[in-house]
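J.: Pasting in a structure now, in structure tokens, and then I'll have a few things to ask.
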Amino acid sequence: MSSDFWIDQWLGSPRFQRYVDSAGGDRGDALALYEWNASLSAALLKDFSHFEVALRNAYDKAISSAWKNSTHWLLDPQSPVVVPLWRVKTHSGGLKRGSDINEKNRRQVFRAIDNCGKKNAEAGKVIAELTFGFCRYMTTSAHEKSLWVTYLHKAFSGKPQRSDIDRIIGTVHILRNRIAHQEQIFNLAHEFDPAIVHTEMMTVLERINPEAKARVLASSSVAEVFNSRP
């Protein structure tokens with residue numbers, strides 16, 4: 001038995017083998033690569049968390065500034081994030097009502113409200129309770145009219161295309177989830193290349209809050225970790 005079999009016991013043979021393959025078969029280099037991947041993941045998560053907070057607050061401001069009801073948009077039963085939004089599909093027999101696009105988000109909002117005091121829930125606490133995935137799906141094509149055109153485009157400077165913003169936020173969400181599952185991220189396909197995702201995320205953050213973008217970059221260790229790859 002190899003003297004470093006403890007690595008396989010620790011990381012699992014299939015998981016570690018991917019690093020061994022990337023390191024040309026050298027197990028020592030593979031372990032260094034694994035540790036570097038973990039450091040890169042941690043650096044990215046830090047910046048992702050800053051982006052998530054900025055995005056969440058920008059969306060709240062954009063919707064609140066144009067919301068006509070007295071109840072906060074997130075707590076209002078008429079909110080565009082909770083009312084049923086049906087995807088209609090065409091079939092040979094004619095039009096049929098398909099799935100409710102807002103069902104998943106509605107459940108998340110109601111669960112957050114329950115966790116924050118139900119009828120006494122404060123909007124700020126409910127927003128903080130929501131996941132990044134909640135914000136991610138607010139820019140999909142299904143919400144073009146109900147959210148983007150009416151509210152969310154105001155969260156970004158200039159005249160960005162919804163599809164561009166959605167694509168970038170979507171790749172951040174996917175990469176974030178990969179990191180959460182301790183996956184290898186340094187050799188992903190071009191679209192999900194960490195360097196590209198991070199750069200594009202920063203372009204979106206600049207549209208939201210240029211000063212925040214500058215601050216995040218000033219404290220970011222992503223570039224430093226990238227340059228320290230073994």
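Following the order of the structure tokens, first chain is A, next is B, and so on, with residues numbered from 1 inside each chain and ligands from 1 in the order they appear.
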Fewer than 6 positions away in the same chain doesn't count, so skip those; otherwise give me all residues within 12 Å of A:His198, counting only C-alpha atoms, as JSON, numbers by chain.
T.: {"A": [40, 41, 43, 44, 45, 46, 47, 48, 51, 168, 169, 171, 172, 173, 175, 176, 191, 192, 204, 205, 213, 216, 217, 220, 221, 222, 223, 226]}
J.: When DSSP is applied to the backbone of this structure, which of stretch 36-218 of chain A are assigned strand (DSSP E or B)? Write them out as a list of chain:residue names.
T.: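 So, restricting stretch 36-218 of chain A to strand (DSSP E or B), we get A:Trp86, A:Arg87, A:Val88, A:Lys89, A:Thr90, A:His91, A:Gly94, A:Leu95, A:Lys96, A:Arg97, A:Gly98, A:Ser99, A:Asp100.
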J.: Find the spatial neighbours of A:Asn115, counting only C-alpha atoms, within a cut-off of 10 Å - ignore same-chain residues fewer than 3 positions away - and output them as a PyMOL selection string.
T.: chain A and resi 109-112+118+121+125-126+129
J.: Quick one: DSSP helix (DSSP H, G or I) residues in stretch 137-169 of chain A, as an MDAnalysis selection string?
T.: chainID A and resid 137:139 141:149 152:155 162:169
J.: Could you tell me how far atom CA of A:Pro80 sits from atom CA of A:Lys61, in Å to one decimal place?
T.: 15.0 Å
J.: Which residues are near stretch 135-146 of chain A? Cut-off 6 Å, only C-alpha atoms, ignore same chain within fewer than 3 positions. Put them as a ChimeraX atom specification.
T.: /A:132,149,166
J.: Between atom CA of A:Arg215 and atom CA of A:Ala58, what is the distance, to one decimal in Å?
T.: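 If I compute the distance from atom CA of A:Arg215 to atom CA of A:Ala58, I get 16.7 Å.
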J.: When distances are computed from only C-alpha atoms, which of A:Ala42, A:Ala195, A:Ala54, A:Val88 shows the smallest separation from A:Asp100?
T.: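 The shortest atom-to-atom distance to A:Asp100 comes from A:Val88.
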J.: Which value, in Å to one decimal, gives the distance between atom CA of A:Val82 and atom CA of A:Thr150?
T.: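 Pair atom CA of A:Val82 / atom CA of A:Thr150 returns 15.6 Å.
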J.: Pick the closest to A:Ser49 from A:Ser70, A:Thr131, A:Ser228, A:Ser157: which is it, counting only C-alpha atoms?
T.: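 Smallest separation from A:Ser49 among the options: A:Thr131.
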J.: So which residues touch stretch 9-13 of chain A within 12 Å, counting only C-alpha atoms, skipping near sequence neighbours fewer than 2 positions away, as an mmCIF file with C-alpha atoms, in the first residue's frame?
T.:
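Result file result.cif:
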data_model
loop_
_atom_site.group_PDB
_atom_site.id
_atom_site.type_symbol
_atom_site.label_atom_id
_atom_site.label_comp_id
_atom_site.auth_asym_id
_atom_site.auth_seq_id
_atom_site.Cartn_x
_atom_site.Cartn_y
_atom_site.Cartn_z
ATOM 1 C CA SER A 2 1.300 3.460 -0.889
ATOM 2 C CA SER A 3 2.644 5.480 2.034
ATOM 3 C CA ASP A 4 0.423 8.351 1.002
ATOM 4 C CA PHE A 5 -2.748 6.269 0.894
ATOM 5 C CA TRP A 6 -4.075 8.596 3.592
ATOM 6 C CA ILE A 7 -4.681 11.143 0.814
ATOM 7 C CA ARG A 15 -11.811 12.932 -6.581
ATOM 8 C CA PHE A 16 -8.058 12.908 -6.037
ATOM 9 C CA GLN A 17 -7.415 11.046 -9.292
ATOM 10 C CA ARG A 18 -8.674 14.047 -11.251
ATOM 11 C CA TYR A 19 -5.895 16.106 -9.690
ATOM 12 C CA VAL A 20 -3.347 13.366 -10.297
ATOM 13 C CA ASP A 21 -4.311 13.375 -13.976
ATOM 14 C CA ARG A 27 0.739 12.653 -6.501
ATOM 15 C CA ALA A 30 -1.574 16.711 -7.341
ATOM 16 C CA LEU A 31 -1.956 17.435 -3.625
ATOM 17 C CA TYR A 34 -5.768 20.381 -4.734
ATOM 18 C CA GLU A 35 -4.754 22.813 -2.004
ATOM 19 C CA GLN A 182 -15.636 21.318 -3.326
ATOM 20 C CA GLU A 183 -15.286 20.585 -7.028
#
